[in-house]
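Colleague: The structure file run-v6.tsv (TSV, C-alpha atoms and all ligand atoms) is provided below.
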chain	number	residue	atom	x	y	z
A	20	MET	CA	141.83	-59.11	-75.87
A	21	THR	CA	144.94	-57.33	-77.14
A	22	MET	CA	144.43	-55.40	-80.35
A	23	GLN	CA	147.19	-53.79	-82.39
A	24	TRP	CA	145.46	-50.51	-83.20
A	25	GLU	CA	146.87	-48.74	-86.25
A	26	ARG	CA	146.41	-44.94	-86.45
A	27	VAL	CA	144.82	-44.29	-89.82
A	28	LYS	CA	145.44	-40.54	-89.79
A	29	GLU	CA	146.51	-37.98	-87.22
A	30	TYR	CA	143.77	-35.60	-86.09
A	31	THR	CA	143.54	-32.81	-83.53
A	32	ASP	CA	140.21	-33.56	-81.83
A	33	ILE	CA	139.69	-37.27	-82.51
A	34	ILE	CA	141.66	-40.49	-82.74
A	35	TYR	CA	140.88	-42.76	-85.69
A	36	GLU	CA	142.36	-46.25	-85.54
A	37	ARG	CA	141.66	-49.64	-87.00
A	38	ALA	CA	142.53	-53.26	-86.28
A	39	GLU	CA	141.22	-56.65	-87.38
A	40	GLY	CA	138.26	-55.25	-89.32
A	41	ILE	CA	137.22	-52.83	-86.57
A	42	ALA	CA	137.55	-49.05	-86.80
A	43	ARG	CA	137.70	-47.12	-83.54
A	44	VAL	CA	136.85	-43.43	-83.44
A	45	THR	CA	137.55	-41.65	-80.15
A	46	ILE	CA	136.42	-38.11	-79.38
A	47	ASN	CA	139.57	-36.77	-77.77
A	48	ARG	CA	138.62	-33.65	-75.79
A	49	PRO	CA	138.44	-35.00	-72.22
A	50	GLU	CA	139.06	-31.51	-70.75
A	51	VAL	CA	135.51	-30.58	-71.86
A	52	ARG	CA	133.98	-34.03	-71.30
A	53	ASN	CA	134.48	-34.70	-75.02
A	54	ALA	CA	132.21	-31.87	-76.16
A	55	PHE	CA	132.41	-31.31	-79.89
A	56	ARG	CA	133.26	-28.10	-81.72
A	57	PRO	CA	132.79	-27.77	-85.51
A	58	GLU	CA	136.36	-28.97	-86.13
A	59	THR	CA	135.74	-32.12	-84.03
A	60	VAL	CA	132.69	-32.92	-86.11
A	61	ALA	CA	134.51	-32.18	-89.39
A	62	GLU	CA	137.23	-34.63	-88.39
A	63	MET	CA	134.66	-37.27	-87.47
A	64	ILE	CA	132.90	-36.78	-90.79
A	65	GLU	CA	136.19	-37.28	-92.64
A	66	ALA	CA	136.97	-40.41	-90.61
A	67	PHE	CA	133.50	-41.89	-91.16
A	68	GLN	CA	133.72	-41.15	-94.90
A	69	HIS	CA	137.03	-42.99	-94.97
A	70	ILE	CA	135.49	-45.89	-93.03
A	71	ARG	CA	132.68	-46.07	-95.55
A	72	ASP	CA	135.16	-46.64	-98.40
A	73	ASP	CA	137.54	-48.84	-96.43
A	74	ALA	CA	136.81	-52.43	-97.44
A	75	SER	CA	138.95	-53.70	-94.56
A	76	THR	CA	136.57	-52.24	-91.96
A	77	GLY	CA	133.27	-53.95	-91.13
A	78	VAL	CA	132.27	-52.43	-87.78
A	79	VAL	CA	132.94	-49.12	-86.01
A	80	ILE	CA	133.29	-48.46	-82.30
A	81	LEU	CA	132.61	-44.84	-81.31
A	82	ARG	CA	133.75	-43.74	-77.86
A	83	GLY	CA	135.06	-40.83	-75.83
A	84	GLN	CA	138.54	-40.41	-74.40
A	85	GLY	CA	138.80	-41.31	-70.71
A	86	ASP	CA	136.29	-42.78	-68.29
A	87	LEU	CA	134.32	-39.63	-67.48
A	88	ALA	CA	132.43	-38.97	-70.69
A	89	PHE	CA	131.41	-40.42	-74.02
A	90	CYS	CA	130.43	-36.95	-75.21
A	91	SER	CA	128.82	-33.88	-73.58
A	92	GLY	CA	127.38	-32.49	-76.82
A	93	GLY	CA	128.10	-29.19	-78.50
A	94	ASP	CA	130.93	-27.12	-77.03
A	95	GLN	CA	129.00	-24.35	-75.29
A	96	ARG	CA	132.03	-22.07	-75.33
A	97	VAL	CA	131.82	-21.72	-79.12
A	98	ARG	CA	128.05	-21.70	-79.52
A	99	GLY	CA	127.34	-18.48	-81.36
A	100	HIS	CA	124.57	-16.81	-83.27
A	101	GLY	CA	123.00	-19.58	-85.41
A	102	GLY	CA	125.36	-22.43	-84.64
A	103	TYR	CA	128.71	-23.52	-83.30
A	104	VAL	CA	131.51	-21.27	-84.53
A	105	GLY	CA	134.82	-22.75	-85.64
A	106	GLY	CA	138.11	-21.18	-86.69
A	107	ASP	CA	136.57	-20.03	-89.98
A	108	GLN	CA	134.00	-17.98	-88.00
A	109	ILE	CA	131.08	-19.71	-89.77
A	110	PRO	CA	128.27	-20.84	-87.43
A	111	ARG	CA	127.39	-24.49	-88.08
A	112	LEU	CA	125.32	-27.41	-86.80
A	113	ASN	CA	127.47	-29.88	-88.69
A	114	VAL	CA	126.78	-32.62	-86.15
A	115	LEU	CA	123.55	-33.14	-88.10
A	116	ASP	CA	125.66	-34.20	-91.11
A	117	LEU	CA	127.55	-36.61	-88.87
A	118	GLN	CA	124.32	-38.11	-87.54
A	119	ARG	CA	123.17	-38.84	-91.10
A	120	LEU	CA	126.55	-40.29	-91.99
A	121	ILE	CA	126.38	-42.71	-89.07
A	122	ARG	CA	122.86	-43.72	-90.10
A	123	GLN	CA	123.85	-44.18	-93.75
A	124	LEU	CA	127.12	-45.98	-93.10
A	125	PRO	CA	126.62	-49.49	-94.52
A	126	LYS	CA	128.42	-50.93	-91.50
A	127	PRO	CA	127.22	-51.14	-87.89
A	128	VAL	CA	128.36	-48.48	-85.44
A	129	ILE	CA	128.64	-49.43	-81.76
A	130	ALA	CA	128.69	-46.66	-79.16
A	131	ALA	CA	130.87	-47.60	-76.20
A	132	VAL	CA	129.68	-45.28	-73.45
A	133	ALA	CA	131.69	-44.60	-70.31
A	134	GLY	CA	130.56	-41.66	-68.19
A	135	TYR	CA	128.31	-38.97	-69.59
A	136	ALA	CA	126.41	-39.20	-72.87
A	137	ILE	CA	124.64	-35.87	-72.62
A	138	GLY	CA	122.94	-33.41	-74.98
A	139	GLY	CA	124.21	-33.76	-78.53
A	140	GLY	CA	126.47	-36.52	-77.20
A	141	HIS	CA	123.38	-38.44	-76.17
A	142	VAL	CA	121.90	-38.01	-79.63
A	143	LEU	CA	125.11	-39.39	-81.14
A	144	HIS	CA	124.79	-42.66	-79.20
A	145	VAL	CA	121.09	-42.81	-80.12
A	146	CYS	CA	122.11	-42.60	-83.80
A	147	CYS	CA	124.54	-45.50	-83.38
A	148	ASP	CA	123.23	-48.98	-84.14
A	149	LEU	CA	124.13	-50.49	-80.78
A	150	THR	CA	125.20	-49.09	-77.41
A	151	ILE	CA	127.29	-50.83	-74.78
A	152	ALA	CA	127.27	-48.87	-71.52
A	153	ALA	CA	129.76	-49.00	-68.70
A	154	GLU	CA	128.28	-49.14	-65.20
A	155	ASN	CA	129.27	-45.49	-64.69
A	156	ALA	CA	127.41	-44.29	-67.80
A	157	VAL	CA	124.93	-41.41	-67.43
A	158	PHE	CA	122.42	-40.52	-70.13
A	159	GLY	CA	120.27	-37.47	-70.73
A	160	GLN	CA	119.27	-34.48	-72.81
A	161	THR	CA	119.93	-30.93	-71.64
A	162	GLY	CA	118.54	-28.86	-74.52
A	163	PRO	CA	115.64	-27.06	-72.83
A	164	LYS	CA	117.93	-26.34	-69.87
A	165	VAL	CA	120.68	-24.73	-71.95
A	166	GLY	CA	118.54	-23.11	-74.63
A	167	SER	CA	118.65	-25.67	-77.43
A	168	PHE	CA	116.97	-28.81	-78.73
A	169	ASP	CA	117.50	-31.53	-81.34
A	170	ALA	CA	114.05	-32.30	-82.69
A	171	GLY	CA	115.36	-34.38	-85.61
A	172	TYR	CA	116.93	-37.76	-84.87
A	173	GLY	CA	117.22	-36.59	-81.27
A	174	MET	CA	113.44	-36.72	-81.04
A	175	ALA	CA	112.40	-39.32	-83.62
A	176	LEU	CA	114.93	-42.08	-82.93
A	177	LEU	CA	114.72	-41.61	-79.18
A	178	SER	CA	110.93	-42.02	-79.38
A	179	ARG	CA	111.38	-45.24	-81.36
A	180	LEU	CA	113.78	-46.57	-78.75
A	181	VAL	CA	112.00	-45.74	-75.52
A	182	GLY	CA	108.47	-44.72	-76.57
A	183	GLN	CA	106.97	-41.24	-76.78
A	184	LYS	CA	106.06	-40.81	-73.11
A	185	LYS	CA	109.58	-41.65	-71.95
A	186	ALA	CA	111.19	-39.60	-74.74
A	187	LYS	CA	109.08	-36.59	-73.77
A	188	GLU	CA	110.11	-37.08	-70.14
A	189	ILE	CA	113.77	-37.18	-71.15
A	190	TRP	CA	113.47	-33.97	-73.19
A	191	PHE	CA	111.01	-32.01	-71.02
A	192	LEU	CA	112.58	-32.71	-67.61
A	193	CYS	CA	116.26	-32.99	-68.64
A	194	ARG	CA	116.91	-35.61	-65.97
A	195	GLN	CA	119.93	-37.89	-65.96
A	196	TYR	CA	119.58	-41.68	-66.08
A	197	ASN	CA	122.07	-44.30	-64.95
A	198	ALA	CA	123.15	-47.30	-66.99
A	199	GLN	CA	120.64	-49.72	-65.45
A	200	GLU	CA	117.77	-47.30	-66.04
A	201	ALA	CA	118.95	-46.90	-69.62
A	202	LEU	CA	118.99	-50.68	-70.05
A	203	GLN	CA	115.49	-50.98	-68.64
A	204	MET	CA	114.09	-48.41	-71.06
A	205	GLY	CA	115.77	-50.01	-74.10
A	206	LEU	CA	118.21	-47.16	-74.61
A	207	VAL	CA	121.28	-49.43	-74.50
A	208	ASN	CA	121.98	-53.05	-75.36
A	209	ALA	CA	124.15	-54.07	-72.41
A	210	VAL	CA	125.75	-52.77	-69.23
A	211	VAL	CA	129.21	-53.95	-68.24
A	212	PRO	CA	131.77	-53.00	-65.60
A	213	LEU	CA	133.86	-50.05	-66.73
A	214	ASP	CA	137.02	-52.13	-67.02
A	215	ARG	CA	135.25	-54.51	-69.40
A	216	LEU	CA	133.77	-51.88	-71.73
A	217	GLU	CA	136.49	-52.06	-74.35
A	218	GLU	CA	136.67	-55.87	-74.34
A	219	GLU	CA	132.89	-56.23	-74.56
A	220	SER	CA	132.60	-53.70	-77.42
A	221	ILE	CA	135.32	-55.50	-79.36
A	222	GLN	CA	133.64	-58.85	-78.68
A	223	TRP	CA	130.32	-57.55	-80.08
A	224	ALA	CA	132.16	-56.12	-83.09
A	225	LYS	CA	133.91	-59.43	-83.72
A	226	GLU	CA	130.65	-61.37	-83.54
A	227	ILE	CA	129.18	-59.05	-86.17
A	228	LEU	CA	132.30	-59.43	-88.34
A	229	GLU	CA	131.70	-63.20	-88.50
A	230	LYS	CA	128.36	-62.56	-90.21
A	231	SER	CA	127.58	-61.86	-93.86
A	232	PRO	CA	128.52	-58.20	-94.59
A	233	ILE	CA	125.76	-57.80	-97.18
A	234	ALA	CA	123.13	-59.32	-94.89
A	235	ILE	CA	124.17	-56.91	-92.12
A	236	ARG	CA	124.24	-53.99	-94.56
A	237	LEU	CA	120.74	-54.73	-95.88
A	238	LEU	CA	119.37	-55.21	-92.37
A	239	LYS	CA	120.76	-51.85	-91.25
A	240	ALA	CA	119.29	-50.18	-94.33
A	241	ALA	CA	115.91	-51.84	-93.67
A	242	PHE	CA	115.84	-50.79	-90.01
A	243	ASN	CA	116.62	-47.22	-91.13
A	244	ALA	CA	114.10	-47.26	-93.99
A	245	ASP	CA	111.41	-47.87	-91.40
A	246	THR	CA	112.25	-44.61	-89.62
A	247	ASP	CA	114.07	-42.39	-92.12
A	248	GLY	CA	111.35	-41.80	-94.70
A	249	ALA	CA	112.47	-41.22	-98.30
A	250	ALA	CA	116.13	-40.97	-97.25
A	251	GLY	CA	115.84	-44.41	-95.64
A	252	LEU	CA	114.16	-45.80	-98.74
A	253	GLN	CA	116.91	-44.29	-100.87
A	254	GLN	CA	119.50	-46.13	-98.80
A	255	LEU	CA	117.69	-49.45	-99.05
A	256	ALA	CA	116.97	-48.92	-102.76
A	257	GLY	CA	120.62	-48.03	-103.34
A	258	ASP	CA	121.65	-51.31	-101.78
A	259	ALA	CA	119.15	-53.14	-103.99
A	260	THR	CA	120.70	-51.42	-107.01
A	261	MET	CA	124.18	-52.45	-105.86
A	262	LEU	CA	123.03	-56.06	-105.69
A	263	PHE	CA	121.21	-55.80	-109.04
A	264	TYR	CA	124.41	-54.52	-110.70
A	265	MET	CA	126.02	-57.80	-109.64
A	266	THR	CA	123.54	-59.87	-111.68
A	267	ASP	CA	123.87	-61.06	-115.29
A	268	GLU	CA	120.44	-59.57	-115.97
A	269	ALA	CA	121.60	-56.05	-115.13
A	270	LYS	CA	124.87	-56.57	-116.99
A	271	GLU	CA	122.89	-57.61	-120.09
A	272	GLY	CA	121.23	-54.19	-120.14
A	273	LYS	CA	124.55	-52.34	-120.00
A	274	ASN	CA	126.28	-54.68	-122.47
A	275	ALA	CA	123.42	-54.42	-124.98
A	276	PHE	CA	123.64	-50.62	-124.86
A	277	LEU	CA	127.40	-50.62	-125.40
A	278	GLU	CA	127.12	-53.24	-128.18
A	279	LYS	CA	124.29	-51.24	-129.83
A	280	ARG	CA	121.86	-54.18	-129.80
A	281	LYS	CA	118.48	-54.95	-128.29
A	282	PRO	CA	118.84	-56.41	-124.77
A	283	ASP	CA	117.77	-60.04	-124.36
A	284	PHE	CA	116.21	-60.12	-120.91
A	285	GLY	CA	114.10	-63.12	-121.93
A	286	LYS	CA	116.89	-65.52	-121.05
A	287	PHE	CA	116.59	-64.67	-117.37
A	288	GLY	CA	114.00	-66.53	-115.34
A	289	ARG	CA	111.34	-64.96	-113.18
A	290	LEU	CA	111.36	-66.13	-109.58
A	291	PRO	CA	108.02	-66.48	-107.79
B	1	LIG	C1	128.58	-33.40	-68.88
B	1	LIG	C2	128.39	-32.86	-67.48
B	1	LIG	C3	127.11	-33.42	-66.86
B	1	LIG	C4	129.62	-33.32	-66.66
B	1	LIG	O1	129.57	-32.80	-65.37
B	1	LIG	P1	130.89	-32.87	-64.43
B	1	LIG	O2	131.48	-34.22	-64.46
B	1	LIG	O3	130.49	-32.30	-63.10
B	1	LIG	O4	131.99	-31.93	-65.13
B	1	LIG	P2	131.96	-30.34	-65.31
B	1	LIG	O5	132.79	-29.76	-64.23
B	1	LIG	O6	130.63	-29.82	-65.51
B	1	LIG	O7	132.77	-30.23	-66.69
B	1	LIG	C5	134.17	-30.40	-66.76
B	1	LIG	C6	134.68	-29.35	-67.71
B	1	LIG	O8	134.14	-29.61	-68.98
B	1	LIG	C7	133.44	-28.46	-69.45
B	1	LIG	N1	132.30	-28.90	-70.27
B	1	LIG	C8	131.47	-29.91	-70.04
B	1	LIG	N2	130.55	-30.01	-71.01
B	1	LIG	C9	130.82	-29.01	-71.87
B	1	LIG	C10	130.21	-28.58	-73.08
B	1	LIG	N3	129.12	-29.23	-73.63
B	1	LIG	N4	130.73	-27.53	-73.70
B	1	LIG	C11	131.80	-26.90	-73.20
B	1	LIG	N5	132.42	-27.25	-72.07
B	1	LIG	C12	131.93	-28.31	-71.41
B	1	LIG	C13	133.01	-27.75	-68.19
B	1	LIG	O9	132.71	-26.40	-68.44
B	1	LIG	C14	134.23	-27.95	-67.32
B	1	LIG	O10	135.22	-27.05	-67.72
B	1	LIG	P3	136.08	-26.22	-66.64
B	1	LIG	O11	136.80	-27.28	-65.85
B	1	LIG	O12	136.98	-25.38	-67.46
B	1	LIG	O13	135.08	-25.47	-65.82
B	1	LIG	C15	128.34	-31.32	-67.46
B	1	LIG	O14	129.60	-30.80	-67.77
B	1	LIG	C16	127.32	-30.75	-68.39
B	1	LIG	O15	126.14	-30.73	-68.07
B	1	LIG	N6	127.81	-30.25	-69.54
B	1	LIG	C17	126.99	-29.54	-70.49
B	1	LIG	C18	126.11	-30.49	-71.28
B	1	LIG	C19	125.34	-29.72	-72.34
B	1	LIG	O16	124.46	-28.96	-72.00
B	1	LIG	N7	125.70	-29.90	-73.61
B	1	LIG	C20	125.17	-29.15	-74.72
B	1	LIG	C21	123.78	-29.64	-75.19
B	1	LIG	N8	123.51	-29.19	-76.52
B	1	LIG	C22	124.06	-29.79	-77.55
B	1	LIG	O17	124.78	-30.74	-77.44
B	1	LIG	C23	123.70	-29.23	-78.87
B	1	LIG	C24	123.99	-30.18	-80.02
B	1	LIG	C25	123.82	-29.58	-81.36
B	1	LIG	O18	124.83	-29.21	-81.93
B	1	LIG	C26	122.48	-29.48	-82.00
B	1	LIG	C27	122.24	-30.38	-82.98
B	1	LIG	C28	121.02	-30.37	-83.63
B	1	LIG	C29	120.05	-29.45	-83.31
B	1	LIG	C30	120.32	-28.53	-82.31
B	1	LIG	C31	121.53	-28.54	-81.66
B	1	LIG	C32	121.73	-27.54	-80.59
B	1	LIG	O19	122.55	-26.65	-80.73
B	1	LIG	O20	121.10	-27.72	-79.56
Would you mind writing the file's structure down as structure tokens?
Modeller:
Amino acid sequence: MTMQWERVKEYTDIIYERAEGIARVTINRPEVRNAFRPETVAEMIEAFQHIRDDASTGVVILRGQGDLAFCSGGDQRVRGHGGYVGGDQIPRLNVLDLQRLIRQLPKPVIAAVAGYAIGGGHVLHVCCDLTIAAENAVFGQTGPKVGSFDAGYGMALLSRLVGQKKAKEIWFLCRQYNAQEALQMGLVNAVVPLDRLEEESIQWAKEILEKSPIAIRLLKAAFNADTDGAAGLQQLAGDATMLFYMTDEAKEGKNAFLEKRKPDFGKFGRLP
């Protein structure tokens, strides 16, 4: 499956490309197993915000550069007092903003995992809608081993995926799990040979692209509403508002205001 990937913008820590309705975001720091520093996350946030507004993109593939790692989490070399410290010397945990952006993106995000998905890198794949794992993939949390933890999505979504007992095991023991174990516990959707990871991820993306974008968008919002509390409801309600704005009934309200007349909603039927 040959794709003509177009670079959307040049970045330092990531590669953001698109082709045939698919956006591909690659964490490009293989020398540290694709660990993220604040600048990496800032670039990813900018790319995902662009993807959100880009009508030509329907699905995102998130991956790491090389075969050894998807992402090894926060760059421990720049972890400072209160967060990860970038060039501006401000300590941040901006990966939390990225997690929310992935959840709120009205388009599916597929994690294509080769090698390690560890620590905050593991949480990133958990936040993605689907995960395709290569046979060499390794999953796990390291927080309690390295003096950190992600008790937000890193706890709540993981529990939803694998159940509380297993999620507690993953966090409390900090073990590593291979691709087949991950498949068995419902952590990933499929396991494929490493040399088929790209093709399989693109195939899944293309199958999604054949489907109704609004149906997919509403389904993602509904899945998230079930776990994301008021923020999830806001997303789903926002999508309902978007659809309502497309109706003559909603337009009547706006038009009546602008025309300084009483709205006539009576002409619209009530469905059972
Ligand atoms: C990934 C591992 C298992 C790979 O092992 P392998 O293949 O043996 O390679 P290594 O020789 O260990 O590594 C190769 C080079 O890459 C560097 N490196 C690897 N990971 C990191 C990293 N995370 N940060 C910085 N450098 C890294 C190695 O040092 C080595 O470099 P050289 O060749 O120069 O020696 C293995 O590498 C591993 O276990 N890595 C660490 C995994 C880890 O503990 N990650 C951090 C976990 N925490 C987070 O991710 C925090 C996320 C976060 O921001 C957050 C969000 C919300 C709430 C809280 C937090 C929070 O701060 O916790």
Colleague: Can you tell me how far atom CA of A:Gly105 sits from atom CA of A:His69, in Å to one decimal?
Modeller: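 Taking atom CA of A:Gly105 and atom CA of A:His69, their separation equals 22.4 Å.
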Colleague: Just checking: using all atoms listed in the file, which residue out of A:Phe284, A:Phe158, A:Phe276, A:Tyr172 ends up closest to A:Ala133?
Modeller: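 Among the listed residues, A:Phe158 lies closest to A:Ala133.
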Colleague: Ligand LIG 1 (chain B): which residues are within 6 Å, counting only C-alpha atoms and all ligand atoms? Reply as a ChimeraX atom specification.
Modeller: /A:50-52,54,91-96,112,114-115,135,137-139,161-162,165,167-169
Colleague: Grab the residues selected above and save them as a CSV table (one decimal), in the coordinates of the input with C-alpha atoms.
Modeller:
chain,number,residue,atom,x,y,z
A,50,GLU,CA,139.1,-31.5,-70.8
A,51,VAL,CA,135.5,-30.6,-71.9
A,52,ARG,CA,134.0,-34.0,-71.3
A,54,ALA,CA,132.2,-31.9,-76.2
A,91,SER,CA,128.8,-33.9,-73.6
A,92,GLY,CA,127.4,-32.5,-76.8
A,93,GLY,CA,128.1,-29.2,-78.5
A,94,ASP,CA,130.9,-27.1,-77.0
A,95,GLN,CA,129.0,-24.4,-75.3
A,96,ARG,CA,132.0,-22.1,-75.3
A,112,LEU,CA,125.3,-27.4,-86.8
A,114,VAL,CA,126.8,-32.6,-86.2
A,115,LEU,CA,123.6,-33.1,-88.1
A,135,TYR,CA,128.3,-39.0,-69.6
A,137,ILE,CA,124.6,-35.9,-72.6
A,138,GLY,CA,122.9,-33.4,-75.0
A,139,GLY,CA,124.2,-33.8,-78.5
A,161,THR,CA,119.9,-30.9,-71.6
A,162,GLY,CA,118.5,-28.9,-74.5
A,165,VAL,CA,120.7,-24.7,-72.0
A,167,SER,CA,118.6,-25.7,-77.4
A,168,PHE,CA,117.0,-28.8,-78.7
A,169,ASP,CA,117.5,-31.5,-81.3
Colleague: Can you pull out every residue within 10 Å of A:Ile64, counting only C-alpha atoms, but drop anything in the same chain fewer than 3 positions away, and send it as a ChimeraX atom specification?
Modeller: /A:58-61,67-70,113-114,116-121
Colleague: By how many Å are atom CA of A:Lys230 and atom CA of A:Val181 apart?
Modeller: 27.7 Å
Colleague: Between A:Leu238, A:Leu255, A:Ala250, A:Cys193, which residue has the minimum interatomic distance to A:Gly166, considering all atoms listed in the file?
Modeller: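 Counting all atoms listed in the file, the residue closest to A:Gly166 is A:Cys193.
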Colleague: When you write stretch 212-270 of chain A out from the block above, keep C-alpha atoms and present the result as a compact mmCIF listing (two decimals), in the first residue's frame, please.
Modeller:
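Now in decode_18.txt:
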# COMPACT_ATOMS: atom_id res chain seq x y z
CA PRO A 212 4.00 -8.76 12.29
CA LEU A 213 6.22 -5.70 12.58
CA ASP A 214 6.60 -5.38 8.81
CA ARG A 215 2.82 -5.24 8.42
CA LEU A 216 2.14 -2.61 11.10
CA GLU A 217 2.00 0.35 8.74
CA GLU A 218 -0.10 -1.45 6.12
CA GLU A 219 -2.55 -2.76 8.71
CA SER A 220 -2.94 0.66 10.38
CA ILE A 221 -3.61 2.29 7.02
CA GLN A 222 -6.10 -0.47 6.14
CA TRP A 223 -8.02 0.14 9.39
CA ALA A 224 -7.96 3.89 8.73
CA LYS A 225 -9.27 3.40 5.20
CA GLU A 226 -12.11 1.18 6.40
CA ILE A 227 -13.14 3.90 8.84
CA LEU A 228 -12.90 6.54 6.09
CA GLU A 229 -15.52 4.63 4.06
CA LYS A 230 -18.03 5.15 6.88
CA SER A 231 -20.23 8.16 7.67
CA PRO A 232 -18.01 10.84 9.31
CA ILE A 233 -20.86 12.15 11.46
CA ALA A 234 -21.85 8.66 12.61
CA ILE A 235 -18.23 7.97 13.60
CA ARG A 236 -17.94 11.38 15.29
CA LEU A 237 -21.11 10.86 17.34
CA LEU A 238 -20.08 7.34 18.30
CA LYS A 239 -16.69 8.55 19.54
CA ALA A 240 -18.37 11.33 21.52
CA ALA A 241 -20.83 8.82 23.03
CA PHE A 242 -18.09 6.37 24.02
CA ASN A 243 -16.25 9.27 25.69
CA ALA A 244 -19.37 10.67 27.36
CA ASP A 245 -19.70 7.37 29.17
CA THR A 246 -16.28 7.81 30.79
CA ASP A 247 -15.46 11.53 30.70
CA GLY A 248 -18.16 12.94 32.95
CA ALA A 249 -19.34 16.49 32.24
CA ALA A 250 -16.52 17.04 29.72
CA GLY A 251 -17.72 13.98 27.80
CA LEU A 252 -21.31 15.21 27.94
CA GLN A 253 -20.16 18.61 26.71
CA GLN A 254 -18.56 16.95 23.69
CA LEU A 255 -21.64 14.91 22.87
CA ALA A 256 -23.94 17.89 23.50
CA GLY A 257 -21.72 20.06 21.29
CA ASP A 258 -22.12 17.57 18.48
CA ALA A 259 -25.89 17.59 19.01
CA THR A 260 -25.81 21.39 18.75
CA MET A 261 -23.78 21.17 15.54
CA LEU A 262 -26.42 18.88 14.06
CA PHE A 263 -29.28 21.06 15.36
CA TYR A 264 -27.73 24.13 13.68
CA MET A 265 -28.09 22.24 10.39
CA THR A 266 -31.89 22.01 10.76
CA ASP A 267 -34.54 24.45 9.48
CA GLU A 268 -35.99 24.53 12.99
CA ALA A 269 -32.81 25.97 14.47
CA LYS A 270 -32.39 28.34 11.54
